[in-house]
$ cat protein.txt   # compact mmCIF, C-alpha atoms (C1' of nucleotides)
# COMPACT_ATOMS: atom_id res chain seq x y z
CA MET A 258 91.01 98.65 87.24
CA ARG A 259 90.42 102.32 86.65
CA PRO A 260 92.13 103.90 83.66
CA LEU A 261 95.48 105.51 84.34
CA PHE A 262 95.50 109.23 84.95
CA HIS A 263 98.10 111.46 83.34
CA PRO A 264 97.94 115.21 83.95
CA ALA A 265 98.08 117.58 80.99
CA LEU A 266 101.36 119.43 80.74
CA GLU A 267 99.83 122.67 81.92
CA ASP A 268 98.36 121.00 84.98
CA ILE A 269 101.68 119.71 86.25
CA ARG A 270 102.59 121.36 89.54
CA PRO A 271 106.07 121.95 90.82
CA GLU A 272 105.24 120.77 94.33
CA ALA A 273 104.05 117.44 92.94
CA ILE A 274 107.32 116.95 91.11
CA LEU A 275 109.39 117.83 94.15
CA TYR A 276 107.26 115.60 96.33
CA ALA A 277 107.62 112.68 93.95
CA LEU A 278 111.37 113.03 93.65
CA ALA A 279 111.97 113.73 97.34
CA ASP A 280 111.77 109.97 97.88
CA PRO A 281 115.12 108.38 96.98
CA GLU A 282 113.46 105.17 95.79
CA ARG A 283 111.22 107.04 93.40
CA ALA A 284 114.09 109.25 92.33
CA ALA A 285 116.13 106.14 91.54
CA ILE A 286 113.29 104.68 89.49
CA PHE A 287 112.89 107.95 87.63
CA ALA A 288 116.63 108.28 87.05
CA GLN A 289 116.73 104.82 85.52
CA LEU A 290 113.81 105.61 83.27
CA ALA A 291 115.53 108.82 82.27
CA GLY A 292 118.68 106.91 81.45
CA ALA A 293 117.00 104.13 79.49
CA ALA A 294 116.73 104.37 75.72
CA CYS A 295 113.27 102.77 75.67
CA GLY A 296 110.39 102.33 78.09
CA ARG A 297 110.78 99.98 81.01
CA THR A 298 108.36 97.82 82.96
CA CYS A 299 107.61 98.31 86.64
CA SER A 300 109.09 95.03 87.75
CA ALA A 301 112.34 95.75 85.93
CA LEU A 302 112.95 98.51 88.46
CA ALA A 303 112.07 96.70 91.66
CA GLU A 304 115.56 96.74 93.17
CA PHE A 305 116.96 99.52 95.30
CA GLY A 306 120.39 98.46 96.50
CA GLU A 307 119.89 95.45 98.77
CA ARG A 308 116.21 95.97 99.12
CA VAL A 309 113.58 94.52 96.82
CA ILE A 310 110.71 96.97 96.78
CA PRO A 311 107.41 95.18 97.54
CA LYS A 312 105.15 95.25 94.53
CA SER A 313 102.34 97.19 96.15
CA SER A 314 104.86 99.86 97.10
CA LEU A 315 106.34 99.78 93.63
CA SER A 316 102.91 100.18 92.11
CA ASN A 317 102.34 103.15 94.34
CA HIS A 318 105.67 104.71 93.36
CA PHE A 319 104.73 104.50 89.70
CA LYS A 320 101.35 105.98 90.45
CA VAL A 321 102.93 108.95 92.21
CA LEU A 322 105.40 109.49 89.37
CA ARG A 323 102.61 109.22 86.82
CA GLU A 324 100.13 111.50 88.56
CA SER A 325 102.77 114.12 89.26
CA GLY A 326 103.42 114.24 85.53
CA LEU A 327 106.91 112.78 85.56
CA ILE A 328 106.18 109.65 83.54
CA VAL A 329 103.69 108.13 81.13
CA SER A 330 102.64 104.52 81.58
CA GLU A 331 101.07 102.48 78.86
CA ARG A 332 99.79 98.96 79.06
CA GLN A 333 101.61 96.64 76.70
CA GLY A 334 100.02 93.24 77.02
CA VAL A 335 100.52 92.03 80.57
CA GLU A 336 103.10 94.64 81.36
CA MET A 337 103.23 98.39 81.73
CA LEU A 338 105.71 100.37 79.73
CA ASN A 339 106.92 103.47 81.52
CA GLN A 340 108.70 106.44 80.02
CA THR A 341 109.67 109.85 81.31
CA ARG A 342 108.12 113.08 80.11
CA CYS A 343 111.49 114.81 80.32
CA ALA A 344 111.28 116.70 77.04
CA GLU A 345 107.84 118.16 77.79
CA LEU A 346 108.80 118.88 81.37
CA ASP A 347 111.89 120.76 80.40
CA GLU A 348 109.79 123.03 78.29
CA ARG A 349 107.49 123.78 81.18
CA PHE A 350 110.10 123.90 83.96
CA PRO A 351 113.41 124.68 82.29
CA GLY A 352 116.40 123.00 83.85
CA LEU A 353 114.45 121.52 86.75
CA ILE A 354 114.62 117.82 86.02
CA LYS A 355 118.21 117.95 84.94
CA ALA A 356 119.27 119.86 88.05
CA ILE A 357 117.51 117.33 90.28
CA LEU A 358 119.03 114.32 88.55
CA THR A 359 122.45 115.97 88.67
CA ALA A 360 122.05 116.68 92.37
CA TYR A 361 121.19 113.05 93.09
CA GLY A 362 123.95 111.94 90.77
CA GLN A 363 126.46 113.47 93.16
CA PHE A 364 125.50 110.84 95.70
CA PRO A 365 126.70 107.53 94.31
CA GLY A 366 125.07 105.74 97.21
CA GLN A 367 121.78 107.47 96.66
CA LEU A 368 120.47 106.18 93.38
CA LYS A 369 120.87 102.51 94.02
CA GLY A 370 118.75 100.97 91.33
CA ARG A 371 120.15 98.17 89.26
CA THR A 372 122.14 99.33 86.26
CA PRO A 373 119.90 98.90 83.24
CA PRO A 374 121.10 96.14 80.89
CA GLN A 375 122.38 97.53 77.60
CA MET B 219 116.21 125.25 124.01
CA ARG B 220 118.75 123.17 122.15
CA PRO B 221 121.18 124.95 119.88
CA LEU B 222 120.17 125.24 116.24
CA PHE B 223 121.54 122.62 113.89
CA HIS B 224 122.88 123.58 110.48
CA PRO B 225 124.31 120.84 108.27
CA ALA B 226 127.74 121.32 106.70
CA LEU B 227 127.57 121.99 102.99
CA GLU B 228 128.83 118.53 102.13
CA ASP B 229 126.19 116.90 104.30
CA ILE B 230 123.28 118.53 102.52
CA ARG B 231 121.18 115.93 100.74
CA PRO B 232 119.11 116.49 97.64
CA GLU B 233 116.13 114.57 99.01
CA ALA B 234 116.04 116.88 102.03
CA ILE B 235 115.97 119.94 99.80
CA LEU B 236 113.22 118.51 97.62
CA TYR B 237 111.24 117.45 100.66
CA ALA B 238 111.53 120.90 102.23
CA LEU B 239 110.49 122.73 99.07
CA ALA B 240 107.72 120.28 98.14
CA ASP B 241 105.53 122.12 100.63
CA PRO B 242 104.14 125.29 99.04
CA GLU B 243 104.13 127.15 102.35
CA ARG B 244 107.78 126.41 102.96
CA ALA B 245 108.61 127.16 99.34
CA ALA B 246 106.90 130.54 99.70
CA ILE B 247 108.87 131.31 102.84
CA PHE B 248 112.09 130.30 101.12
CA ALA B 249 111.26 132.31 98.00
CA GLN B 250 110.71 135.40 100.10
CA LEU B 251 113.97 134.91 101.91
CA ALA B 252 115.68 134.42 98.56
CA GLY B 253 114.16 137.65 97.29
CA ALA B 254 114.97 139.73 100.37
CA ALA B 255 118.12 141.80 100.48
CA CYS B 256 118.70 141.10 104.16
CA GLY B 257 117.72 138.42 106.67
CA ARG B 258 114.13 138.20 107.82
CA THR B 259 112.49 137.09 111.02
CA CYS B 260 110.16 134.11 111.30
CA SER B 261 107.11 136.15 112.20
CA ALA B 262 107.62 138.45 109.22
CA LEU B 263 106.76 135.51 107.00
CA ALA B 264 103.74 134.15 108.80
CA GLU B 265 101.23 134.90 106.04
CA PHE B 266 100.38 132.60 103.20
CA GLY B 267 97.61 134.18 101.17
CA GLU B 268 94.56 134.35 103.44
CA ARG B 269 95.95 131.98 105.98
CA VAL B 270 98.05 132.99 108.96
CA ILE B 271 100.39 130.12 109.66
CA PRO B 272 100.20 129.08 113.35
CA LYS B 273 103.46 129.79 115.06
CA SER B 274 104.25 126.21 115.99
CA SER B 275 103.85 125.27 112.34
CA LEU B 276 105.93 128.24 111.29
CA SER B 277 108.65 127.26 113.72
CA ASN B 278 108.59 123.77 112.28
CA HIS B 279 108.83 125.11 108.72
CA PHE B 280 111.94 127.06 109.63
CA LYS B 281 113.40 124.03 111.33
CA VAL B 282 112.87 121.91 108.21
CA LEU B 283 114.40 124.60 105.99
CA ARG B 284 117.34 124.97 108.36
CA GLU B 285 118.06 121.28 108.82
CA SER B 286 117.78 120.55 105.13
CA GLY B 287 120.49 123.14 104.58
CA LEU B 288 118.39 125.73 102.78
CA ILE B 289 118.72 128.52 105.33
CA VAL B 290 120.80 129.72 108.25
CA SER B 291 119.08 131.09 111.31
CA GLU B 292 120.79 133.27 113.84
CA ARG B 293 119.40 134.67 117.02
CA GLN B 294 119.39 138.44 117.07
CA GLY B 295 118.06 139.50 120.42
CA VAL B 296 114.51 138.21 120.78
CA GLU B 297 114.20 137.42 117.11
CA MET B 298 115.72 134.98 114.68
CA LEU B 299 117.28 136.27 111.52
CA ASN B 300 116.97 133.88 108.62
CA GLN B 301 118.91 133.92 105.39
CA THR B 302 119.20 131.53 102.50
CA ARG B 303 122.34 129.55 101.69
CA CYS B 304 121.72 130.03 97.98
CA ALA B 305 125.29 130.84 97.01
CA GLU B 306 126.75 127.79 98.75
CA LEU B 307 123.94 125.60 97.52
CA ASP B 308 124.42 126.59 93.93
CA GLU B 309 128.02 125.50 94.18
CA ARG B 310 127.00 122.11 95.47
CA PHE B 311 123.89 121.57 93.34
CA PRO B 312 124.29 123.76 90.29
CA GLY B 313 121.10 125.29 89.00
CA LEU B 314 118.86 123.41 91.41
CA ILE B 315 117.54 126.19 93.61
CA LYS B 316 117.07 128.57 90.72
CA ALA B 317 115.16 125.97 88.69
CA ILE B 318 112.87 125.25 91.62
CA LEU B 319 112.14 128.89 92.33
CA THR B 320 111.54 129.50 88.64
CA ALA B 321 109.17 126.55 88.48
CA TYR B 322 107.14 127.88 91.40
CA GLY B 323 107.35 131.36 89.96
CA GLN B 324 105.26 130.19 87.04
CA PHE B 325 102.35 129.71 89.41
CA PRO B 326 101.40 133.20 90.57
CA GLY B 327 98.86 131.71 92.93
CA GLN B 328 101.37 129.34 94.42
CA LEU B 329 103.82 131.52 96.29
CA LYS B 330 101.36 133.54 98.26
CA GLY B 331 103.53 135.10 100.90
CA ARG B 332 103.23 138.78 101.60
CA THR B 333 105.38 140.95 99.35
CA PRO B 334 108.39 142.00 101.39
CA PRO B 335 108.43 145.75 102.19
CA GLN B 336 111.18 147.56 100.32
C1' DT C 72 86.53 77.94 75.96
C1' DT C 73 88.80 77.19 80.21
C1' DC C 74 92.74 77.23 82.90
C1' DC C 75 97.19 78.89 84.36
C1' DG C 76 100.91 82.14 85.00
C1' DT C 77 102.65 86.71 85.11
C1' DA C 78 102.21 91.88 85.82
C1' DG C 79 100.31 95.15 88.18
C1' DT C 80 96.34 97.31 91.15
C1' DT C 81 93.43 97.79 95.08
C1' DC C 82 92.24 97.16 99.84
C1' DA C 83 92.78 97.59 104.64
C1' DG C 84 95.09 97.76 108.95
C1' DA C 85 99.48 99.06 111.24
C1' DA C 86 103.09 102.32 111.57
C1' DA C 87 104.94 106.72 110.87
C1' DT C 88 104.44 111.55 110.03
C1' DT C 89 102.33 116.03 110.21
C1' DC C 90 99.63 119.63 112.33
C1' DG C 91 98.66 122.99 115.71
C1' DG C 92 97.05 124.58 120.47
C1' DA C 93 98.97 125.11 124.90
C1' DA C 94 102.74 125.48 127.75
C1' DC C 95 107.40 126.67 127.96
C1' DT C 96 112.11 129.21 127.21
C1' DA C 97 114.97 133.09 125.95
C1' DT C 98 115.83 137.74 125.60
C1' DT C 99 114.98 142.77 126.02
C1' DG C 100 113.34 146.85 128.12
C1' DA C 101 110.98 149.24 131.82
C1' DT D 48 111.93 141.87 139.10
C1' DC D 49 108.30 142.03 135.94
C1' DA D 50 106.03 142.22 131.49
C1' DA D 51 106.10 141.67 126.70
C1' DT D 52 107.62 139.61 122.50
C1' DA D 53 109.69 135.85 119.54
C1' DG D 54 110.24 131.49 118.93
C1' DT D 55 110.51 126.35 120.61
C1' DT D 56 108.82 122.15 122.54
C1' DC D 57 105.31 118.95 123.82
C1' DC D 58 101.73 115.97 122.88
C1' DG D 59 97.33 114.26 121.18
C1' DA D 60 94.49 114.21 116.90
C1' DA D 61 94.36 113.80 112.08
C1' DT D 62 96.50 112.47 107.99
C1' DT D 63 99.65 109.93 105.23
C1' DT D 64 102.58 106.10 104.11
C1' DC D 65 103.67 101.30 103.84
C1' DT D 66 102.95 96.60 102.57
C1' DG D 67 100.83 91.79 102.75
C1' DA D 68 96.88 89.73 100.88
C1' DA D 69 93.35 89.57 97.71
C1' DC D 70 92.05 90.91 93.33
C1' DT D 71 91.97 92.26 88.13
C1' DA D 72 93.80 92.09 83.49
C1' DC D 73 95.84 89.98 79.85
C1' DG D 74 98.18 86.30 77.05
C1' DG D 75 99.29 81.62 75.99
C1' DA D 76 98.48 76.67 76.08
C1' DA D 77 95.55 72.89 75.54
$ encode --input "protein.txt" --output "C-alpha cells"
Amino acid sequence: MRPLFHPALEDIRPEAILYALADPERAAIFAQLAGAACGRTCSALAEFGERVIPKSSLSNHFKVLRESGLIVSERQGVEMLNQTRCAELDERFPGLIKAILTAYGQFPGQLKGRTPPQ
Amino acid sequence: MRPLFHPALEDIRPEAILYALADPERAAIFAQLAGAACGRTCSALAEFGERVIPKSSLSNHFKVLRESGLIVSERQGVEMLNQTRCAELDERFPGLIKAILTAYGQFPGQLKGRTPPQ
DNA sequence: TTCCGTAGTTCAGAAATTCGGAACTATTGA
DNA sequence: TCAATAGTTCCGAATTTCTGAACTACGGAA
C-alpha cells in the first residue's frame, strides 16, 4: 500500500478540481464532507441515491478527490478519515468551491448522498 | 448538418459546465471568448500555445461548450460566430464562471490561447 | 502469537470515451 | 457552375473509466 499523496497547496490545479467535481458522485461525496463537522470515513459515503457505489469505485473517487487537492485523508486505525481542504482552497481559488457547491445545491436531485447523521 | 443545439438556461447542469471547463484547451477558448468584445469564429481560436488544435477537435470543443450551455454559436455566412452566455449563467450559477476564470487566470501558463487582436 | 473481521487499495479486463485524419456539407464569391 | 473557405461528421485507434476479485493493513479476541 503506497503512502497517500496530497498535493501542496501551490501545486493544486484548477483543471484537476473541475475534473474531480464534474462527476456528480464525487461532487456529492465532497459536498457531504464539506457539510460535516468532522472527518468522515469512505464507507460512510457509499450511497448515491438508490445506488450503492462499489468499493473499488469509491476508493477511486477518494483518490481523485485527494490527488486533486480537494480533501485530505488520514488513516485512523482500520478506517480512513477524510476532510475537505476548503479553507486552504478558498485562499488559493477565492469563491471557487463555494460557487460550485452552490451550483450543485440548486439541483436537489443531483447531490443524492445520504444525509449525514447529526 | 443537423441544427445546433443550445440548452435552455434552466436545463444547464453544473456537471456539464465543470466537465467542459476541466479541459485546459476548452477553458482557454472560453476565456478568450469571455475576454473578447464581440463574437469570435472557431478558427480564430485554434491555437493553444505551440499546438495548433486539429479542426475536428476544435469543432468538438465548440460543441461541448455549446451543449453545456457555456456559449451560443450562430452561423454568419461561412463562419460561426461564438459568444459566451456569461450574463445568463451568472444569474443561474452566481459567481461560478468568474471564480473558474479567476482560478485559471492564476496559471499564466495554463490559458495559452493567442491574445485576441484589439 | 495466530486468526478473524472490517476498511480500503490494487489489479486487470471489459466498456465507454476521447482524439484526430479523412471525407463530407454549407455557404460565398467569381 | 466551380473553387475556396469554415466547420461538421465519421470512424478506427488510443486512452480512460468502471468494477469484481484478490490483496493489504490494522485491530481485537483468544
$ atom_distance --input "protein.txt" --atom1 "CA of Cys299 in chain A" --atom2 "CA of Ser314 in chain A"
10.9 Å
$ residues_around --input "protein.txt" --residues "DT89 in chain C" --least-positions-apart "5" --cutoff "9 Å" --atoms "all atoms listed in the file" --output "tab-separated table (two decimals) with C-alpha atoms (C1' of nucleotides), keeping the file's coordinate frame"
chain	number	residue	atom	x	y	z
D	61	DA	C1'	94.36	113.80	112.08
D	62	DT	C1'	96.50	112.47	107.99
D	63	DT	C1'	99.65	109.93	105.23
$ interface_residues --input "protein.txt" --of "chain A" --to "chain C" --cutoff "7 Å" --atoms "all atoms listed in the file" --output "list in words"
Met258, Ser316, Val335 and Glu336 of chain A
$ interface_residues --input "protein.txt" --of "chain D" --to "chain A" --cutoff "10 Å" --atoms "all atoms listed in the file" --output "list in words"
DT64, DC65, DT66, DG67, DC70, DT71, DA72, DC73 and DG74 of chain D
$ interface_residues --input "protein.txt" --of "chain A" --to "chain B" --cutoff "10 Å" --atoms "all atoms listed in the file" --output "PyMOL selection string"
chain A and resi 270-281+284+349-364+367
$ decode --input "protein.txt" --residues "range 316-344 of chain A" --atoms "N, CA, C and O atoms" --output "JSON list (two decimals), in the first residue's frame"
[["chain", "number", "residue", "atom", "x", "y", "z"],
["A", 316, "SER", "N", -13.21, 3.93, -3.67],
["A", 316, "SER", "CA", -11.80, 4.15, -3.38],
["A", 316, "SER", "C", -11.17, 5.06, -4.43],
["A", 316, "SER", "O", -10.40, 5.98, -4.12],
["A", 317, "ASN", "N", -11.55, 4.81, -5.67],
["A", 317, "ASN", "CA", -11.03, 5.65, -6.74],
["A", 317, "ASN", "C", -11.54, 7.09, -6.63],
["A", 317, "ASN", "O", -10.77, 8.04, -6.85],
["A", 318, "HIS", "N", -12.80, 7.26, -6.28],
["A", 318, "HIS", "CA", -13.34, 8.62, -6.10],
["A", 318, "HIS", "C", -12.53, 9.38, -5.05],
["A", 318, "HIS", "O", -12.16, 10.53, -5.25],
["A", 319, "PHE", "N", -12.26, 8.72, -3.94],
["A", 319, "PHE", "CA", -11.49, 9.39, -2.89],
["A", 319, "PHE", "C", -10.09, 9.71, -3.36],
["A", 319, "PHE", "O", -9.53, 10.75, -3.03],
["A", 320, "LYS", "N", -9.53, 8.80, -4.14],
["A", 320, "LYS", "CA", -8.19, 9.06, -4.66],
["A", 320, "LYS", "C", -8.18, 10.30, -5.56],
["A", 320, "LYS", "O", -7.29, 11.16, -5.46],
["A", 321, "VAL", "N", -9.18, 10.41, -6.43],
["A", 321, "VAL", "CA", -9.26, 11.56, -7.32],
["A", 321, "VAL", "C", -9.44, 12.84, -6.51],
["A", 321, "VAL", "O", -8.76, 13.85, -6.76],
["A", 322, "LEU", "N", -10.32, 12.81, -5.53],
["A", 322, "LEU", "CA", -10.54, 14.00, -4.69],
["A", 322, "LEU", "C", -9.26, 14.38, -3.96],
["A", 322, "LEU", "O", -8.90, 15.55, -3.86],
["A", 323, "ARG", "N", -8.57, 13.36, -3.45],
["A", 323, "ARG", "CA", -7.35, 13.61, -2.69],
["A", 323, "ARG", "C", -6.26, 14.19, -3.57],
["A", 323, "ARG", "O", -5.65, 15.21, -3.24],
["A", 324, "GLU", "N", -6.03, 13.56, -4.72],
["A", 324, "GLU", "CA", -4.91, 13.96, -5.57],
["A", 324, "GLU", "C", -5.19, 15.26, -6.31],
["A", 324, "GLU", "O", -4.26, 15.90, -6.81],
["A", 325, "SER", "N", -6.43, 15.65, -6.39],
["A", 325, "SER", "CA", -6.74, 16.95, -6.99],
["A", 325, "SER", "C", -6.57, 18.05, -5.95],
["A", 325, "SER", "O", -6.57, 19.23, -6.29],
["A", 326, "GLY", "N", -6.44, 17.66, -4.69],
["A", 326, "GLY", "CA", -6.24, 18.65, -3.63],
["A", 326, "GLY", "C", -7.51, 19.05, -2.89],
["A", 326, "GLY", "O", -7.48, 19.95, -2.06],
["A", 327, "LEU", "N", -8.60, 18.36, -3.18],
["A", 327, "LEU", "CA", -9.86, 18.75, -2.54],
["A", 327, "LEU", "C", -10.02, 18.24, -1.12],
["A", 327, "LEU", "O", -10.71, 18.85, -0.31],
["A", 328, "ILE", "N", -9.41, 17.10, -0.82],
["A", 328, "ILE", "CA", -9.54, 16.54, 0.52],
["A", 328, "ILE", "C", -8.20, 16.05, 1.06],
["A", 328, "ILE", "O", -7.25, 15.86, 0.28],
["A", 329, "VAL", "N", -8.14, 15.87, 2.37],
["A", 329, "VAL", "CA", -7.03, 15.15, 2.99],
["A", 329, "VAL", "C", -7.60, 13.88, 3.60],
["A", 329, "VAL", "O", -8.68, 13.90, 4.18],
["A", 330, "SER", "N", -6.85, 12.79, 3.45],
["A", 330, "SER", "CA", -7.27, 11.52, 4.03],
["A", 330, "SER", "C", -6.18, 11.09, 5.00],
["A", 330, "SER", "O", -5.00, 11.20, 4.70],
["A", 331, "GLU", "N", -6.62, 10.58, 6.12],
["A", 331, "GLU", "CA", -5.66, 10.16, 7.13],
["A", 331, "GLU", "C", -6.13, 8.84, 7.70],
["A", 331, "GLU", "O", -7.30, 8.69, 8.04],
["A", 332, "ARG", "N", -5.20, 7.90, 7.78],
["A", 332, "ARG", "CA", -5.59, 6.60, 8.32],
["A", 332, "ARG", "C", -5.81, 6.74, 9.83],
["A", 332, "ARG", "O", -5.00, 7.35, 10.54],
["A", 333, "GLN", "N", -6.91, 6.14, 10.27],
["A", 333, "GLN", "CA", -7.26, 6.19, 11.69],
["A", 333, "GLN", "C", -7.65, 4.77, 12.04],
["A", 333, "GLN", "O", -8.81, 4.39, 11.91],
["A", 334, "GLY", "N", -6.63, 3.99, 12.45],
["A", 334, "GLY", "CA", -6.91, 2.58, 12.68],
["A", 334, "GLY", "C", -7.24, 1.90, 11.37],
["A", 334, "GLY", "O", -6.50, 2.05, 10.40],
["A", 335, "VAL", "N", -8.32, 1.17, 11.34],
["A", 335, "VAL", "CA", -8.73, 0.46, 10.12],
["A", 335, "VAL", "C", -9.32, 1.40, 9.08],
["A", 335, "VAL", "O", -9.34, 1.09, 7.89],
["A", 336, "GLU", "N", -9.81, 2.51, 9.53],
["A", 336, "GLU", "CA", -10.54, 3.39, 8.63],
["A", 336, "GLU", "C", -9.68, 4.53, 8.10],
["A", 336, "GLU", "O", -8.56, 4.75, 8.55],
["A", 337, "MET", "N", -10.27, 5.27, 7.16],
["A", 337, "MET", "CA", -9.65, 6.49, 6.67],
["A", 337, "MET", "C", -10.56, 7.63, 7.07],
["A", 337, "MET", "O", -11.77, 7.58, 6.84],
["A", 338, "LEU", "N", -9.96, 8.66, 7.62],
["A", 338, "LEU", "CA", -10.76, 9.85, 7.91],
["A", 338, "LEU", "C", -10.50, 10.87, 6.81],
["A", 338, "LEU", "O", -9.36, 11.18, 6.51],
["A", 339, "ASN", "N", -11.58, 11.36, 6.23],
["A", 339, "ASN", "CA", -11.46, 12.31, 5.13],
["A", 339, "ASN", "C", -12.04, 13.66, 5.53],
["A", 339, "ASN", "O", -13.10, 13.73, 6.13],
["A", 340, "GLN", "N", -11.32, 14.70, 5.14],
["A", 340, "GLN", "CA", -11.78, 16.05, 5.40],
["A", 340, "GLN", "C", -11.49, 16.92, 4.20],
["A", 340, "GLN", "O", -10.54, 16.68, 3.46],
["A", 341, "THR", "N", -12.29, 17.97, 4.03],
["A", 341, "THR", "CA", -12.04, 18.86, 2.90],
["A", 341, "THR", "C", -10.88, 19.80, 3.22],
["A", 341, "THR", "O", -10.51, 19.97, 4.38],
["A", 342, "ARG", "N", -10.35, 20.41, 2.17],
["A", 342, "ARG", "CA", -9.32, 21.43, 2.33],
["A", 342, "ARG", "C", -9.92, 22.80, 1.97],
["A", 342, "ARG", "O", -9.23, 23.67, 1.43],
["A", 343, "CYS", "N", -11.21, 22.94, 2.26],
["A", 343, "CYS", "CA", -11.95, 24.13, 1.84],
["A", 343, "CYS", "C", -11.27, 25.44, 2.21],
["A", 343, "CYS", "O", -11.17, 26.35, 1.38],
["A", 344, "ALA", "N", -10.81, 25.56, 3.45],
["A", 344, "ALA", "CA", -10.26, 26.83, 3.90],
["A", 344, "ALA", "C", -9.04, 27.22, 3.06],
["A", 344, "ALA", "O", -8.97, 28.32, 2.50]]
